[in-house]
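Trainee: Have a peek at my_file36.txt (compact mmCIF, C-alpha atoms).
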# COMPACT_ATOMS: atom_id res chain seq x y z
CA MET E 1172 -21.61 4.85 -69.64
CA ASN E 1173 -20.78 8.49 -70.43
CA ASP E 1174 -17.31 9.80 -69.68
CA ILE E 1175 -16.99 12.23 -66.78
CA SER E 1176 -16.53 15.74 -68.04
CA PRO E 1177 -13.67 17.89 -66.74
CA ASP E 1178 -16.13 20.23 -65.00
CA MET E 1179 -17.77 17.29 -63.21
CA PHE E 1180 -14.36 15.89 -62.25
CA TYR E 1181 -13.25 19.20 -60.79
CA GLY E 1182 -16.57 19.45 -59.01
CA LEU E 1183 -16.08 16.02 -57.39
CA ILE E 1184 -12.56 16.97 -56.37
CA GLN E 1185 -13.79 20.20 -54.83
CA THR E 1186 -16.74 18.53 -53.14
CA TYR E 1187 -15.09 15.37 -51.79
CA GLY E 1188 -11.36 15.43 -52.55
CA LEU E 1189 -10.37 18.68 -50.84
CA PRO E 1190 -12.33 17.99 -47.61
CA LEU E 1191 -10.82 14.50 -47.50
CA LEU E 1192 -7.36 15.95 -48.03
CA TRP E 1193 -7.91 18.51 -45.29
CA ALA E 1194 -9.17 15.78 -42.99
CA VAL E 1195 -6.03 13.74 -43.59
CA VAL E 1196 -3.85 16.81 -42.99
CA ILE E 1197 -5.71 17.63 -39.77
CA PHE E 1198 -5.33 14.03 -38.57
CA ILE E 1199 -1.60 13.85 -39.34
CA VAL E 1200 -0.77 17.29 -37.90
CA GLY E 1201 -3.03 16.65 -34.90
CA LYS E 1202 -1.33 13.34 -34.18
CA ILE E 1203 2.09 15.01 -34.31
CA VAL E 1204 0.92 17.82 -32.00
CA ALA E 1205 -0.68 15.32 -29.60
CA ARG E 1206 2.55 13.34 -29.47
CA MET E 1207 4.61 16.48 -28.85
CA ILE E 1208 2.32 17.72 -26.06
CA SER E 1209 2.12 14.35 -24.30
CA ASN E 1210 5.90 13.91 -24.49
CA ALA E 1211 6.48 17.42 -23.14
CA VAL E 1212 4.14 16.81 -20.20
CA ALA E 1213 5.82 13.45 -19.49
CA LYS E 1214 9.27 15.06 -19.49
CA ALA E 1215 8.09 17.80 -17.13
CA MET E 1216 6.59 15.24 -14.75
CA THR E 1217 9.76 13.12 -14.88
CA LYS E 1218 11.85 16.21 -14.12
CA ALA E 1219 9.57 16.89 -11.15
CA LYS E 1220 10.31 13.31 -9.93
CA VAL E 1221 6.73 12.10 -10.28
CA GLU E 1222 6.18 8.32 -10.02
CA GLU E 1223 7.00 6.65 -13.36
CA THR E 1224 3.71 4.74 -13.43
CA LEU E 1225 1.72 7.97 -13.17
CA VAL E 1226 3.92 9.62 -15.81
CA LYS E 1227 3.23 6.87 -18.35
CA PHE E 1228 -0.48 6.81 -17.59
CA THR E 1229 -0.83 10.60 -17.86
CA LYS E 1230 1.09 10.61 -21.11
CA ASN E 1231 -1.12 7.96 -22.70
CA MET E 1232 -4.38 9.47 -21.44
CA LEU E 1233 -3.42 12.95 -22.66
CA PHE E 1234 -2.52 11.59 -26.10
CA VAL E 1235 -5.83 9.73 -26.39
CA ALA E 1236 -7.84 12.77 -25.26
CA ILE E 1237 -6.20 15.04 -27.83
CA MET E 1238 -6.63 12.46 -30.57
CA VAL E 1239 -10.37 12.26 -29.86
CA PHE E 1240 -10.69 15.98 -30.61
CA VAL E 1241 -8.46 15.60 -33.67
CA VAL E 1242 -10.63 12.80 -35.08
CA ILE E 1243 -13.81 14.80 -34.45
CA ALA E 1244 -12.27 17.84 -36.17
CA ALA E 1245 -11.18 15.72 -39.16
CA ILE E 1246 -14.64 14.15 -39.52
CA SER E 1247 -16.25 17.57 -39.25
CA LYS E 1248 -14.01 18.88 -42.04
CA MET E 1249 -15.40 16.15 -44.30
CA GLY E 1250 -18.90 17.56 -43.81
CA VAL E 1251 -20.12 14.93 -41.36
CA GLU E 1252 -22.38 16.24 -38.60
CA THR E 1253 -20.40 15.74 -35.36
CA THR E 1254 -23.06 16.82 -32.85
CA SER E 1255 -24.82 13.47 -32.89
CA PHE E 1256 -21.45 11.69 -33.02
CA ALA E 1257 -20.28 13.49 -29.88
CA ALA E 1258 -23.55 12.65 -28.15
CA VAL E 1259 -23.11 8.97 -28.98
CA VAL E 1260 -19.53 9.02 -27.65
CA ALA E 1261 -20.68 10.74 -24.44
CA ALA E 1262 -23.48 8.23 -23.93
CA ALA E 1263 -21.12 5.33 -24.55
CA GLY E 1264 -18.64 6.81 -22.08
CA LEU E 1265 -21.35 7.15 -19.44
CA ALA E 1266 -22.49 3.56 -19.93
CA ILE E 1267 -18.93 2.28 -19.73
CA GLY E 1268 -18.30 4.37 -16.61
CA LEU E 1269 -21.36 2.98 -14.83
CA SER E 1270 -20.41 -0.59 -15.70
CA LEU E 1271 -16.84 -0.08 -14.48
CA GLN E 1272 -17.49 1.69 -11.19
CA GLY E 1273 -15.31 -0.70 -9.22
CA THR E 1274 -12.50 -0.49 -11.76
CA LEU E 1275 -12.66 3.31 -11.84
CA SER E 1276 -12.58 3.35 -8.03
CA ASN E 1277 -9.43 1.24 -8.10
CA PHE E 1278 -7.97 3.55 -10.72
CA ALA E 1279 -8.72 6.69 -8.70
CA SER E 1280 -7.24 5.06 -5.59
CA GLY E 1281 -4.14 4.06 -7.56
CA VAL E 1282 -3.62 7.64 -8.70
CA LEU E 1283 -3.93 8.86 -5.10
CA LEU E 1284 -1.44 6.22 -3.91
CA ILE E 1285 1.06 7.30 -6.54
CA ILE E 1286 0.58 11.02 -5.81
CA PHE E 1287 0.57 10.98 -1.99
CA ARG E 1288 2.87 7.93 -1.61
CA PRO E 1289 1.91 6.63 1.86
CA PHE E 1290 4.36 3.82 1.10
CA LYS E 1291 6.89 2.88 -1.55
CA VAL E 1292 8.27 -0.27 -3.13
CA GLY E 1293 10.24 -2.24 -0.53
CA ASP E 1294 8.25 -1.02 2.50
CA PHE E 1295 6.71 -3.51 4.89
CA ILE E 1296 3.10 -2.45 5.38
CA GLU E 1297 -0.21 -3.64 6.74
CA ALA E 1298 -3.23 -2.65 4.63
CA GLY E 1299 -6.47 -4.17 3.44
CA GLY E 1300 -6.33 -6.80 6.17
CA VAL E 1301 -2.98 -8.26 5.02
CA SER E 1302 0.68 -7.47 5.63
CA GLY E 1303 3.78 -7.86 3.49
CA ILE E 1304 6.52 -6.16 1.50
CA VAL E 1305 5.36 -3.88 -1.32
CA GLU E 1306 6.70 -5.12 -4.67
CA GLU E 1307 4.83 -2.92 -7.16
CA ILE E 1308 2.22 -0.14 -7.12
CA GLN E 1309 0.06 -0.40 -10.23
CA ILE E 1310 -2.81 1.78 -11.37
CA PHE E 1311 -5.50 -0.72 -10.38
CA CYS E 1312 -3.85 -2.88 -7.71
CA THR E 1313 -0.88 -3.16 -5.36
CA LEU E 1314 1.38 -6.22 -5.41
CA MET E 1315 2.83 -7.41 -2.11
CA ARG E 1316 4.94 -10.35 -0.91
CA SER E 1317 4.02 -12.05 2.34
CA GLY E 1318 6.54 -13.24 4.93
CA ASP E 1319 6.29 -16.80 3.61
CA ASN E 1320 6.92 -15.61 0.01
CA LYS E 1321 3.35 -15.58 -1.28
CA GLN E 1322 2.24 -12.93 -3.75
CA ILE E 1323 -0.67 -10.80 -2.55
CA ILE E 1324 -2.70 -8.70 -4.99
CA ILE E 1325 -4.87 -6.04 -3.32
CA PRO E 1326 -7.29 -3.74 -5.20
CA ASN E 1327 -6.19 -0.15 -4.66
CA SER E 1328 -9.65 0.90 -3.45
CA GLN E 1329 -9.32 -1.65 -0.64
CA VAL E 1330 -5.90 -0.29 0.27
CA MET E 1331 -7.10 3.32 0.38
CA GLY E 1332 -10.33 2.38 2.18
CA THR E 1333 -8.57 0.95 5.24
CA THR E 1334 -5.92 2.03 7.71
CA ILE E 1335 -2.39 1.77 6.29
CA THR E 1336 0.36 0.87 8.76
CA ASN E 1337 3.85 1.42 7.35
CA TYR E 1338 6.51 -0.31 9.44
CA SER E 1339 9.40 0.93 7.26
CA THR E 1340 8.87 4.69 7.38
CA LYS E 1341 10.56 5.39 10.70
CA PRO E 1342 14.25 4.54 11.25
CA THR E 1343 13.67 3.10 14.74
CA ARG E 1344 11.06 0.88 16.38
CA ARG E 1345 10.23 -0.16 19.93
CA VAL E 1346 10.25 -3.83 20.92
CA ASP E 1347 7.39 -4.55 23.32
CA LEU E 1348 7.83 -7.59 25.56
CA VAL E 1349 5.85 -8.71 28.59
CA ILE E 1350 7.89 -10.94 30.93
CA GLY E 1351 6.10 -12.71 33.79
CA VAL E 1352 7.85 -13.79 37.01
CA GLY E 1353 6.58 -15.53 40.14
CA TYR E 1354 5.14 -13.68 43.12
CA GLY E 1355 7.85 -15.20 45.27
CA ASP E 1356 10.74 -13.83 43.16
CA ASP E 1357 12.83 -10.81 44.12
CA LEU E 1358 11.54 -8.01 41.88
CA GLN E 1359 14.70 -5.91 42.31
CA LYS E 1360 16.80 -8.85 41.16
CA VAL E 1361 14.50 -9.38 38.18
CA ARG E 1362 14.86 -5.72 37.19
CA SER E 1363 18.64 -5.91 37.55
CA VAL E 1364 18.87 -9.02 35.35
CA LEU E 1365 16.66 -7.47 32.67
CA GLU E 1366 18.75 -4.27 32.67
CA ASP E 1367 21.92 -6.34 32.31
CA ILE E 1368 20.46 -8.28 29.36
CA LEU E 1369 19.55 -5.07 27.53
CA ALA E 1370 22.88 -3.40 28.30
CA LYS E 1371 24.86 -6.28 26.78
CA ASP E 1372 22.96 -6.24 23.46
CA GLU E 1373 24.74 -3.71 21.20
CA ARG E 1374 21.75 -3.53 18.86
CA ILE E 1375 19.61 -1.90 21.55
CA LEU E 1376 19.70 1.90 21.40
CA GLN E 1377 20.51 3.97 24.48
CA ASP E 1378 18.58 7.00 23.22
CA PRO E 1379 15.72 6.74 23.86
CA ALA E 1380 16.52 4.63 26.89
CA PRO E 1381 14.83 1.25 27.36
CA THR E 1382 11.84 1.06 29.69
CA ILE E 1383 11.51 -1.66 32.33
CA GLY E 1384 8.63 -1.63 34.80
CA VAL E 1385 5.89 -3.69 36.43
CA VAL E 1386 2.89 -3.39 34.16
CA GLU E 1387 0.46 -5.83 35.80
CA LEU E 1388 -0.11 -7.98 38.86
CA GLY E 1389 -1.59 -10.94 37.03
CA ASP E 1390 -3.47 -13.98 38.29
CA SER E 1391 -0.35 -16.16 38.21
CA SER E 1392 2.57 -13.78 37.71
CA VAL E 1393 4.02 -10.33 38.17
CA ASN E 1394 4.36 -8.98 34.62
CA PHE E 1395 7.23 -6.71 33.60
CA ALA E 1396 7.00 -4.49 30.52
CA VAL E 1397 10.36 -4.55 28.71
CA ARG E 1398 10.50 -1.91 25.94
CA PRO E 1399 13.87 -1.29 24.26
CA TRP E 1400 14.34 0.77 21.08
CA VAL E 1401 16.18 -0.63 18.06
CA ASN E 1402 16.83 0.21 14.42
CA SER E 1403 13.91 -0.93 12.27
CA GLY E 1404 16.05 -3.52 10.50
CA ASP E 1405 17.00 -5.13 13.83
CA TYR E 1406 13.45 -5.43 15.18
CA TRP E 1407 12.75 -9.14 14.64
CA PRO E 1408 16.29 -10.41 15.39
CA VAL E 1409 16.27 -8.52 18.70
CA TYR E 1410 12.72 -9.65 19.47
CA PHE E 1411 13.58 -13.33 19.04
CA ASP E 1412 16.97 -13.10 20.78
CA LEU E 1413 15.60 -11.28 23.82
CA ASN E 1414 12.95 -13.92 24.45
CA GLU E 1415 15.56 -16.68 24.33
CA THR E 1416 18.11 -14.77 26.40
CA VAL E 1417 15.58 -13.92 29.12
CA LYS E 1418 14.59 -17.59 29.48
CA VAL E 1419 18.22 -18.75 29.70
CA ARG E 1420 19.25 -16.03 32.19
CA PHE E 1421 16.21 -16.53 34.39
CA ASP E 1422 16.92 -20.25 34.59
CA SER E 1423 20.53 -19.59 35.60
CA GLU E 1424 19.49 -16.91 38.14
CA GLY E 1425 16.78 -19.07 39.69
CA ILE E 1426 13.98 -16.73 38.60
CA SER E 1427 10.75 -18.52 37.78
CA ILE E 1428 8.55 -17.90 34.77
CA PRO E 1429 5.17 -19.17 35.98
CA TYR E 1430 2.39 -20.60 33.88
CA PRO E 1431 -1.34 -20.26 34.61
CA GLN E 1432 -2.36 -22.48 37.52
CA ARG E 1433 -5.07 -22.82 40.14
CA ASP E 1434 -4.78 -23.83 43.80
CA LEU E 1435 -7.58 -26.17 44.92
CA HIS E 1436 -8.42 -26.07 48.63
CA ILE E 1437 -10.61 -28.90 50.06
CA VAL E 1438 -12.35 -28.06 53.33
CA SER E 1439 -13.83 -31.03 55.20
CA ASN E 1440 -17.10 -30.72 57.10
CA PRO E 1441 -16.90 -32.58 60.47
CA SER E 1442 -20.67 -33.18 60.67
CA ASN E 1443 -20.76 -34.77 57.23
CA ALA E 1444 -17.74 -36.93 58.09
CA ALA E 1445 -19.48 -38.26 61.28
CA ALA E 1446 -22.67 -39.06 59.36
CA ALA E 1447 -20.68 -40.98 56.80
Would you put the structure from the file into structure tokens?

Mentor:
Amino acid sequence: MNDISPDMFYGLIQTYGLPLLWAVVIFIVGKIVARMISNAVAKAMTKAKVEETLVKFTKNMLFVAIMVFVVIAAISKMGVETTSFAAVVAAAGLAIGLSLQGTLSNFASGVLLIIFRPFKVGDFIEAGGVSGIVEEIQIFCTLMRSGDNKQIIIPNSQVMGTTITNYSTKPTRRVDLVIGVGYGDDLQKVRSVLEDILAKDERILQDPAPTIGVVELGDSSVNFAVRPWVNSGDYWPVYFDLNETVKVRFDSEGISIPYPQRDLHIVSNPSNAAAA
């Protein structure tokens, strides 16, 4: 085998070595620039108090996007035709996108949840047909904890595609009770007892004032609507206590709480009785 002449060696260096060196330089410098840009964007988003999950995702996606261009530029510097390479990448991206439509929908919904923030971690919400306390908002799903301490994982597209009820947004809530009394009871006395019960509970707010009124003349009872306002954190304790207190006070005041019943009237027919 003949030795490589100096001219041939320099020719190989010029043909392959320098483009390879430039490609390596472009890759290294491009990676540094991509890291700097992604970090700068992340810092700006953090300073603007954007959700941390979205900050991390944007940082990583921006870095990957820049690195794709860097790699293409480095390959092009080595003399490789990048037009067909870019077409292959685009086709592969389209195929992956079509196969991951549901995942991309969850991703887009997750971004919208993080940007618009209809709820935050710790809120008690009802969404996607379930209710619970929000524990974590991820890019693809939302983690919740039910009242009996079960973990609920809901795809973000399902959360965004339904009505979201946030019970923790407002500082106050209204307790809605329907109390039935007998038709023979004194309605003014019933109203007075209910007003006294609400007035003695310090958790019930005076502004707005509680509402007490006859809401329905039912089949078996006269139904009162009792609607006091409380702080959101006191809703369930007040709800449970009021039901118990009303029952105890009504018993002591001689006020009846009727249950559904039917009166059966038997009418005798004199002609049938004589025939019998």

Trainee: Excluding segment 1348-1354 of chain E and residues on its chain fewer than 5 positions from it, collect all residues at most 6 Å away from it, counting all atoms listed in the file, and give them as a VMD selection string.

Mentor: chain E and resid 1392 to 1397 1427 to 1429

Trainee: Which residues, written as a PDB file with C-alpha atoms, keeping the file's coordinate frame, have at least one atom at most 12 Å from segment 1287-1289 of chain E, with only C-alpha atoms counted and residues fewer than 6 positions away on the same chain left out?

Mentor:
ATOM      1  CA  VAL E1221       6.730  12.100 -10.280  1.00  0.00           C
ATOM      2  CA  GLU E1222       6.180   8.320 -10.020  1.00  0.00           C
ATOM      3  CA  LEU E1225       1.720   7.970 -13.170  1.00  0.00           C
ATOM      4  CA  SER E1280      -7.240   5.060  -5.590  1.00  0.00           C
ATOM      5  CA  GLY E1281      -4.140   4.060  -7.560  1.00  0.00           C
ATOM      6  CA  PHE E1295       6.710  -3.510   4.890  1.00  0.00           C
ATOM      7  CA  ILE E1296       3.100  -2.450   5.380  1.00  0.00           C
ATOM      8  CA  GLU E1297      -0.210  -3.640   6.740  1.00  0.00           C
ATOM      9  CA  ALA E1298      -3.230  -2.650   4.630  1.00  0.00           C
ATOM     10  CA  VAL E1305       5.360  -3.880  -1.320  1.00  0.00           C
ATOM     11  CA  ILE E1308       2.220  -0.140  -7.120  1.00  0.00           C
ATOM     12  CA  VAL E1330      -5.900  -0.290   0.270  1.00  0.00           C
ATOM     13  CA  MET E1331      -7.100   3.320   0.380  1.00  0.00           C
ATOM     14  CA  THR E1334      -5.920   2.030   7.710  1.00  0.00           C
ATOM     15  CA  ILE E1335      -2.390   1.770   6.290  1.00  0.00           C
ATOM     16  CA  THR E1336       0.360   0.870   8.760  1.00  0.00           C
ATOM     17  CA  ASN E1337       3.850   1.420   7.350  1.00  0.00           C
ATOM     18  CA  TYR E1338       6.510  -0.310   9.440  1.00  0.00           C
ATOM     19  CA  SER E1339       9.400   0.930   7.260  1.00  0.00           C
ATOM     20  CA  THR E1340       8.870   4.690   7.380  1.00  0.00           C
TER      21      THR E1340
END

Trainee: For Ser1328 of chain E, which of E:Gly1355, E:Pro1342, E:Val1282, E:Val1301 is the closest residue, counting all atoms listed in the file?

Mentor: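 So, comparing all the options, the nearest one is E:Val1282.
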
Trainee: Between atom CA of Asp1367 of chain E and atom CA of Tyr1410 of chain E, what is the distance in Å, rounded to a tenth?

Mentor: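 Rounded to one decimal, the two atoms are 16.1 Å apart.
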
Trainee: Record the distance separating atom CA of Leu1191 of chain E and atom CA of Met1249 of chain E, expressed in Å with one decimal.

Mentor: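 That distance, rounded to one decimal, is 5.8 Å.
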
Trainee: Could you list as number ranges by chain every residue that has an atom within 12 Å of (14.2, -12.3, 23.1), using the file's coordinates and counting only C-alpha atoms?

Mentor: E: 1346-1350, 1365, 1368-1369, 1372, 1375, 1397-1399, 1406-1420

Trainee: Write out the residues from the selection above, keeping C-alpha atoms, as a tab-separated table (two decimals), in the coordinates of the input.

Mentor:
chain	number	residue	atom	x	y	z
E	1346	VAL	CA	10.25	-3.83	20.92
E	1347	ASP	CA	7.39	-4.55	23.32
E	1348	LEU	CA	7.83	-7.59	25.56
E	1349	VAL	CA	5.85	-8.71	28.59
E	1350	ILE	CA	7.89	-10.94	30.93
E	1365	LEU	CA	16.66	-7.47	32.67
E	1368	ILE	CA	20.46	-8.28	29.36
E	1369	LEU	CA	19.55	-5.07	27.53
E	1372	ASP	CA	22.96	-6.24	23.46
E	1375	ILE	CA	19.61	-1.90	21.55
E	1397	VAL	CA	10.36	-4.55	28.71
E	1398	ARG	CA	10.50	-1.91	25.94
E	1399	PRO	CA	13.87	-1.29	24.26
E	1406	TYR	CA	13.45	-5.43	15.18
E	1407	TRP	CA	12.75	-9.14	14.64
E	1408	PRO	CA	16.29	-10.41	15.39
E	1409	VAL	CA	16.27	-8.52	18.70
E	1410	TYR	CA	12.72	-9.65	19.47
E	1411	PHE	CA	13.58	-13.33	19.04
E	1412	ASP	CA	16.97	-13.10	20.78
E	1413	LEU	CA	15.60	-11.28	23.82
E	1414	ASN	CA	12.95	-13.92	24.45
E	1415	GLU	CA	15.56	-16.68	24.33
E	1416	THR	CA	18.11	-14.77	26.40
E	1417	VAL	CA	15.58	-13.92	29.12
E	1418	LYS	CA	14.59	-17.59	29.48
E	1419	VAL	CA	18.22	-18.75	29.70
E	1420	ARG	CA	19.25	-16.03	32.19

Trainee: For a test of reading the model, state the distance in Å between atom CA of Ala1245 of chain E and atom CA of Val1212 of chain E, rounded to one decimal.

Mentor: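 Straight-line distance from atom CA of Ala1245 of chain E to atom CA of Val1212 of chain E works out to 24.4 Å.
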
Trainee: Please list as number ranges by chain every residue within 12 Å of Asp1319 of chain E, counting all atoms listed in the file and excluding residues in the same chain fewer than 4 positions away.

Mentor: E: 1302-1304, 1315, 1323

Trainee: For Ile1246 of chain E, which residue out of E:Val1196, E:His1436, E:Lys1227, E:Gln1359 is the nearest one, using only C-alpha atoms?

Mentor: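 Among the listed residues, E:Val1196 lies closest to Ile1246 of chain E.
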
Trainee: E:Ile1199, E:Val1361, E:Val1204, E:Thr1217: which is nearest Asp1422 of chain E, counting all atoms listed in the file?

Mentor: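 Checking each candidate against Asp1422 of chain E, we get E:Val1361 as the closest.
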
Trainee: Using all atoms listed in the file for the distances, tell me which of E:Leu1192, E:Val1292, E:Cys1312, E:Ile1324 is nearest to Ala1279 of chain E.

Mentor: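 Once distances to Ala1279 of chain E are computed over all atoms listed in the file, the minimum belongs to E:Cys1312.
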
Trainee: Please, which residues are within 10 Å of (-2.8, 17.0, -30.1) by the file's coordinates, counting only C-alpha atoms, and could they come as a list in words?

Mentor: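 Those residues, ordered by chain and then number, are Phe1198, Ile1199, Val1200, Gly1201, Lys1202, Ile1203, Val1204, Ala1205, Arg1206, Met1207, Ile1208, Ser1209, Leu1233, Phe1234, Val1235, Ala1236, Ile1237, Met1238, Val1239, Phe1240 and Val1241 of chain E.
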